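Asker: Sending over a structure as structure tokens; questions will come in a sec.
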Amino acid sequence: MKGLLGLAVLFCVLLCGCGAGTAAGQHGPRQYADTAMGTVVQQSVYCADGEEARRFFDSSMELLRGLERELLSWRMESSETYRVNALAGNEEGIGLSEEFADMLRRCLQLYEDSQGAFDVTIGRAVRLWDIDQWAAGEQEGEFRPPEPAAVRQALAASGSDKIRLWEGQQLRIFLPEGMELDLGAAGKGLALERLQELLDGTEGISGAVISLGGSVLTYGTKPDGSCWRVGIADPEDSASYVGVLELEGQWCVSTSGDYERYVEADGVRYHHILDPATGYPADSGVRGVTVLSKEGLIGDGLSTACFILGPEKGLALADRYGAEALFILENGEVIMSEGMRDYYREQ
Ligand code: ADP
Ligand code: MG
């Protein structure tokens, strides 16, 4: 969390440091930071009424914690993900809420389109690697990578193509015995979509930037008309930026990087994005991917998928979804889609 807070502060500095200054009668952004969904939530909101802004902050935190508690968490017994995992192997299947069904459908489509790189059924392997216990920059002295046989076993229990869905009164799902869903690669993106709806329904907020760790939502406009600036972290030193995206209006910016969550053991560095083909941390020569999209969940899923696929296949995949992508490679090279150039400014 310490590293995350450092990033959050930097984000704040970047936001405050841009734009053309505040003219008379205009108010600056109202800043707010807290934690939810295992990450730092950083908000910068333009709202004339302080109380209204405060109410928005409170409802947004409630929304995020509710999403985790009721939908996304694999750990909390109250969540739908937990319930589905607990009933894996049940031949009658499990009834899904509309919200869960919609999320899952989009995740399964992305599994297909990414040739299996994005796979929310990879939970067993994520548990085996104990990824949720890792944090960026923290060295876990006792960490030992799992045995290859255990990795193979965990992989054998995964594969979105083994899920069956059918329509009853509500959509039902069959999960093979031993399979576990993990929504870690898409949950923050979904949260950005919900936050956007909340902003739409809140009068008085003219513009906002909200970051949930590596996923950022920009919304509306700034009073002085200047654009939103979202930094792209330098994987070599995630406290500084390689460049900035200059954006107008609503966008979702999602980044997946090997520096966000990792551990080291015997001089080897293990990061948190697993290649479903091997069960090991993806090794595609990529250190970070940033995806610019309109749809939060898809952007979040795409950044994970692109990280695994590498630039060539990743760019083709992003293009299919009408999203822009930027890759930072191990050798420091930056590769981006043609459309990304309109927004990217090198630092
Ligand atoms: P972050 O959540 O740190 O922003 P990502 O969006 O890239 O990063 O998601 C990584 C998380 O997704 C991991 O912590 C794990 O829970 C899960 N995950 C890891 N590999 C995959 C994969 N190939 N497909 C889907 N989810 C994955
Ligand atoms: Mg992701």
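Residues are referred to by chain and number: the chain letter is A, B, ... according to the order shown in the structure tokens, the number counts from 1 in that chain, and ligands are numbered separately from 1 in the order shown.
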Give me the residues of chain A that have any atom at most 9 Å from an atom of ligand 2; for each, the nearest atom pair and the distance in Å, rounded to one decimal. Use only C-alpha atoms and all ligand atoms, sort by chain and number, and format it as JSON lines.
Answerer:
```
{"residue": "A:Phe118", "atom": "CA", "partner": "ligand 2", "partner_atom_place_in_ligand_line": "1 (Mg)", "distance": 8.8}
{"residue": "A:Gly184", "atom": "CA", "partner": "ligand 2", "partner_atom_place_in_ligand_line": "1 (Mg)", "distance": 7.1}
{"residue": "A:Ala185", "atom": "CA", "partner": "ligand 2", "partner_atom_place_in_ligand_line": "1 (Mg)", "distance": 3.7}
{"residue": "A:Ala186", "atom": "CA", "partner": "ligand 2", "partner_atom_place_in_ligand_line": "1 (Mg)", "distance": 5.2}
{"residue": "A:Gly187", "atom": "CA", "partner": "ligand 2", "partner_atom_place_in_ligand_line": "1 (Mg)", "distance": 7.9}
{"residue": "A:Lys188", "atom": "CA", "partner": "ligand 2", "partner_atom_place_in_ligand_line": "1 (Mg)", "distance": 7.7}
{"residue": "A:Gly189", "atom": "CA", "partner": "ligand 2", "partner_atom_place_in_ligand_line": "1 (Mg)", "distance": 7.4}
{"residue": "A:Gly214", "atom": "CA", "partner": "ligand 2", "partner_atom_place_in_ligand_line": "1 (Mg)", "distance": 8.4}
{"residue": "A:Ser215", "atom": "CA", "partner": "ligand 2", "partner_atom_place_in_ligand_line": "1 (Mg)", "distance": 8.2}
{"residue": "A:Ser254", "atom": "CA", "partner": "ligand 2", "partner_atom_place_in_ligand_line": "1 (Mg)", "distance": 6.9}
{"residue": "A:Thr255", "atom": "CA", "partner": "ligand 2", "partner_atom_place_in_ligand_line": "1 (Mg)", "distance": 7.0}
{"residue": "A:Ser256", "atom": "CA", "partner": "ligand 2", "partner_atom_place_in_ligand_line": "1 (Mg)", "distance": 5.9}
{"residue": "A:Ile273", "atom": "CA", "partner": "ligand 2", "partner_atom_place_in_ligand_line": "1 (Mg)", "distance": 8.9}
{"residue": "A:Leu297", "atom": "CA", "partner": "ligand 2", "partner_atom_place_in_ligand_line": "1 (Mg)", "distance": 8.1}
{"residue": "A:Ile298", "atom": "CA", "partner": "ligand 2", "partner_atom_place_in_ligand_line": "1 (Mg)", "distance": 8.5}
{"residue": "A:Gly299", "atom": "CA", "partner": "ligand 2", "partner_atom_place_in_ligand_line": "1 (Mg)", "distance": 7.3}
{"residue": "A:Asp300", "atom": "CA", "partner": "ligand 2", "partner_atom_place_in_ligand_line": "1 (Mg)", "distance": 3.8}
{"residue": "A:Gly301", "atom": "CA", "partner": "ligand 2", "partner_atom_place_in_ligand_line": "1 (Mg)", "distance": 4.4}
{"residue": "A:Leu302", "atom": "CA", "partner": "ligand 2", "partner_atom_place_in_ligand_line": "1 (Mg)", "distance": 6.5}
{"residue": "A:Ser303", "atom": "CA", "partner": "ligand 2", "partner_atom_place_in_ligand_line": "1 (Mg)", "distance": 5.2}
{"residue": "A:Thr304", "atom": "CA", "partner": "ligand 2", "partner_atom_place_in_ligand_line": "1 (Mg)", "distance": 4.3}
{"residue": "A:Ala305", "atom": "CA", "partner": "ligand 2", "partner_atom_place_in_ligand_line": "1 (Mg)", "distance": 7.6}
```
Asker: Next, the residues of the selection above should be written as a short mmCIF file (atom, residue, chain, number, x, y, z; two decimals), in the first residue's frame with all heavy atoms.
Answerer:
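result19.cif written:
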```
data_model
loop_
_atom_site.label_atom_id
_atom_site.label_comp_id
_atom_site.auth_asym_id
_atom_site.auth_seq_id
_atom_site.Cartn_x
_atom_site.Cartn_y
_atom_site.Cartn_z
N PHE A 118 -6.73 -13.53 -21.96
CA PHE A 118 -7.52 -12.98 -20.85
C PHE A 118 -8.49 -14.07 -20.40
O PHE A 118 -9.36 -14.49 -21.14
CB PHE A 118 -8.29 -11.75 -21.33
CG PHE A 118 -9.20 -11.18 -20.28
CD1 PHE A 118 -8.72 -10.34 -19.30
CD2 PHE A 118 -10.56 -11.50 -20.29
CE1 PHE A 118 -9.56 -9.83 -18.33
CE2 PHE A 118 -11.41 -10.99 -19.32
CZ PHE A 118 -10.91 -10.16 -18.34
N GLY A 184 -10.00 -10.08 -10.95
CA GLY A 184 -8.99 -9.05 -10.65
C GLY A 184 -8.58 -8.23 -11.86
O GLY A 184 -8.20 -7.07 -11.72
N ALA A 185 -8.65 -8.79 -13.05
CA ALA A 185 -8.16 -8.08 -14.23
C ALA A 185 -9.23 -7.22 -14.90
O ALA A 185 -8.95 -6.50 -15.85
CB ALA A 185 -7.61 -9.08 -15.24
N ALA A 186 -10.47 -7.29 -14.40
CA ALA A 186 -11.55 -6.54 -15.05
C ALA A 186 -12.38 -5.72 -14.06
O ALA A 186 -13.11 -4.81 -14.45
CB ALA A 186 -12.46 -7.52 -15.79
N GLY A 187 -12.27 -6.05 -12.78
CA GLY A 187 -13.14 -5.44 -11.76
C GLY A 187 -13.01 -3.93 -11.65
O GLY A 187 -14.02 -3.23 -11.52
N LYS A 188 -11.78 -3.45 -11.73
CA LYS A 188 -11.60 -2.00 -11.59
C LYS A 188 -12.17 -1.28 -12.80
O LYS A 188 -12.69 -0.17 -12.70
CB LYS A 188 -10.13 -1.67 -11.38
CG LYS A 188 -9.71 -1.93 -9.94
CD LYS A 188 -8.27 -1.60 -9.70
CE LYS A 188 -7.43 -2.83 -9.90
NZ LYS A 188 -6.01 -2.61 -9.78
N GLY A 189 -12.09 -1.93 -13.95
CA GLY A 189 -12.67 -1.35 -15.16
C GLY A 189 -14.19 -1.26 -15.04
O GLY A 189 -14.80 -0.25 -15.39
N GLY A 214 -4.30 1.37 -11.24
CA GLY A 214 -3.92 1.54 -12.65
C GLY A 214 -5.07 1.84 -13.59
O GLY A 214 -4.87 1.85 -14.80
N SER A 215 -6.27 2.08 -13.08
CA SER A 215 -7.40 2.39 -13.96
C SER A 215 -7.91 3.79 -13.65
O SER A 215 -8.20 4.10 -12.51
CB SER A 215 -8.53 1.38 -13.74
OG SER A 215 -8.09 0.09 -14.04
N SER A 254 -6.46 2.40 -18.80
CA SER A 254 -6.13 1.26 -17.95
C SER A 254 -4.70 0.81 -18.22
O SER A 254 -4.30 0.65 -19.37
CB SER A 254 -7.10 0.12 -18.25
OG SER A 254 -6.67 -1.02 -17.56
N THR A 255 -3.96 0.62 -17.15
CA THR A 255 -2.57 0.19 -17.31
C THR A 255 -2.32 -1.13 -16.59
O THR A 255 -2.76 -1.31 -15.46
CB THR A 255 -1.61 1.28 -16.75
OG1 THR A 255 -1.78 2.47 -17.52
CG2 THR A 255 -0.16 0.83 -16.85
N SER A 256 -1.66 -2.04 -17.25
CA SER A 256 -1.18 -3.28 -16.63
C SER A 256 0.33 -3.29 -16.74
O SER A 256 0.87 -3.15 -17.85
CB SER A 256 -1.74 -4.51 -17.34
OG SER A 256 -3.12 -4.63 -17.10
N ILE A 273 0.76 -10.93 -13.62
CA ILE A 273 -0.07 -11.20 -14.80
C ILE A 273 0.36 -12.55 -15.39
O ILE A 273 1.46 -12.68 -15.92
CB ILE A 273 0.06 -10.06 -15.83
CG1 ILE A 273 -0.36 -8.75 -15.16
CG2 ILE A 273 -0.80 -10.35 -17.07
CD1 ILE A 273 -0.04 -7.51 -15.96
N LEU A 297 -14.55 -1.76 -18.44
CA LEU A 297 -14.26 -3.19 -18.27
C LEU A 297 -13.41 -3.71 -19.43
O LEU A 297 -12.43 -4.44 -19.23
CB LEU A 297 -15.55 -3.99 -18.16
CG LEU A 297 -15.38 -5.49 -17.95
CD1 LEU A 297 -16.41 -6.00 -16.95
CD2 LEU A 297 -15.49 -6.26 -19.23
N ILE A 298 -13.78 -3.31 -20.63
CA ILE A 298 -13.04 -3.77 -21.80
C ILE A 298 -11.61 -3.21 -21.78
O ILE A 298 -10.63 -3.93 -22.05
CB ILE A 298 -13.78 -3.34 -23.10
CG1 ILE A 298 -15.09 -4.14 -23.23
CG2 ILE A 298 -12.92 -3.50 -24.33
CD1 ILE A 298 -14.91 -5.65 -23.29
N GLY A 299 -11.46 -1.95 -21.40
CA GLY A 299 -10.12 -1.35 -21.33
C GLY A 299 -9.24 -2.09 -20.33
O GLY A 299 -8.07 -2.38 -20.61
N ASP A 300 -9.81 -2.40 -19.17
CA ASP A 300 -9.07 -3.11 -18.12
C ASP A 300 -8.68 -4.50 -18.62
O ASP A 300 -7.52 -4.92 -18.53
CB ASP A 300 -9.95 -3.20 -16.87
CG ASP A 300 -9.16 -3.61 -15.64
OD1 ASP A 300 -7.95 -3.86 -15.75
OD2 ASP A 300 -9.76 -3.67 -14.55
N GLY A 301 -9.64 -5.21 -19.17
CA GLY A 301 -9.37 -6.55 -19.69
C GLY A 301 -8.35 -6.51 -20.82
O GLY A 301 -7.45 -7.36 -20.90
N LEU A 302 -8.48 -5.52 -21.71
CA LEU A 302 -7.56 -5.42 -22.84
C LEU A 302 -6.13 -5.17 -22.38
O LEU A 302 -5.18 -5.71 -22.95
CB LEU A 302 -7.98 -4.28 -23.78
CG LEU A 302 -9.10 -4.56 -24.77
CD1 LEU A 302 -9.45 -3.30 -25.54
CD2 LEU A 302 -8.71 -5.68 -25.74
N SER A 303 -5.96 -4.34 -21.33
CA SER A 303 -4.58 -4.05 -20.91
C SER A 303 -3.91 -5.32 -20.39
O SER A 303 -2.74 -5.57 -20.66
CB SER A 303 -4.53 -2.90 -19.89
OG SER A 303 -5.06 -3.28 -18.65
N THR A 304 -4.67 -6.15 -19.69
CA THR A 304 -4.13 -7.42 -19.21
C THR A 304 -3.83 -8.34 -20.40
O THR A 304 -2.74 -8.92 -20.49
CB THR A 304 -5.14 -8.10 -18.26
OG1 THR A 304 -5.49 -7.18 -17.25
CG2 THR A 304 -4.55 -9.35 -17.62
N ALA A 305 -4.79 -8.46 -21.31
CA ALA A 305 -4.61 -9.34 -22.48
C ALA A 305 -3.42 -8.88 -23.33
O ALA A 305 -2.59 -9.69 -23.75
CB ALA A 305 -5.88 -9.35 -23.32
#
```
Asker: Residues of stretch 67-316 of chain A in strand (DSSP E) according to DSSP, as a PyMOL selection string?
Answerer: chain A and resi 94-95+164-167+171-174+205-212+215-220+228-234+237-247+251-257+262-265+268-271+286-293
Asker: Pick out the closest residue to A:Cys227 from this set: A:Ile210, A:Ala53, A:Leu245, A:Ile94. Count only C-alpha atoms.
Answerer: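 Counting only C-alpha atoms, the residue closest to A:Cys227 is A:Leu245.
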Asker: I'd like the neighbourhood of stretch 74-78 of chain A as a list of chain:residue names, where a residue qualifies if any of its atoms comes within 10 Å (using only C-alpha atoms), though same-chain residues fewer than 2 positions away should be ignored.
Answerer: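 Listed by chain and then number, they are A:Glu68, A:Arg69, A:Glu70, A:Leu71, A:Leu72, A:Glu80, A:Thr81, A:Tyr82, A:Arg83, A:Val84, A:Asn85, A:Ala86, A:Gly123, A:Glu180, A:Leu181, A:Asp182, A:Leu183, A:Gly184.
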Asker: Using only C-alpha atoms and all ligand atoms, can you tell me which of A:Gly220, A:Gly310, A:Gly296, A:Gly116 comes closest to ligand 1?
Answerer: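 Closest candidate: A:Gly116.
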Asker: Give me, as a VMD selection string, the residues of stretch 24-211 of chain A that a backbone DSSP run labels helix (DSSP H, G or I).
Answerer: chain A and resid 50 to 72 80 to 86 98 to 113 123 to 129 131 to 133 148 to 156 160 to 162 187 to 200
Asker: Can you tell me, as a PDB file with C-alpha atoms, in the first residue's frame, what residues are no more than 8 Å from A:Ala208 when counting only C-alpha atoms, ignoring any on the same chain fewer than 6 positions away?
Answerer:
```pdb
ATOM      1  CA  GLN A  43     -10.462  11.647  -6.960  1.00  0.00           C
ATOM      2  CA  SER A  44     -10.306  15.159  -8.353  1.00  0.00           C
ATOM      3  CA  VAL A  45     -13.763  16.597  -8.772  1.00  0.00           C
ATOM      4  CA  TYR A  46     -14.979  19.943 -10.086  1.00  0.00           C
ATOM      5  CA  LEU A 217     -11.667   7.612 -15.518  1.00  0.00           C
ATOM      6  CA  THR A 218     -11.794  11.110 -16.969  1.00  0.00           C
ATOM      7  CA  TYR A 219     -15.186  12.783 -17.113  1.00  0.00           C
ATOM      8  CA  GLY A 220     -16.621  16.099 -18.335  1.00  0.00           C
ATOM      9  CA  THR A 221     -14.540  19.239 -18.547  1.00  0.00           C
ATOM     10  CA  LYS A 222     -12.422  21.530 -16.424  1.00  0.00           C
TER      11      LYS A 222
END
```
Asker: May I ask which of the residues A:Arg320, A:Arg30, A:Arg144, A:Arg229 is the closest one to A:Tyr270, counting only C-alpha atoms?
Answerer: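 Residue with the minimum atom-to-atom distance to A:Tyr270: A:Arg144.
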Asker: From the set A:Ala191, A:Ile205, A:Leu87, A:Leu171, which residue has the shortest atom-to-atom contact distance to A:Arg55, counting only C-alpha atoms?
Answerer: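 The shortest atom-to-atom distance to A:Arg55 comes from A:Ile205.
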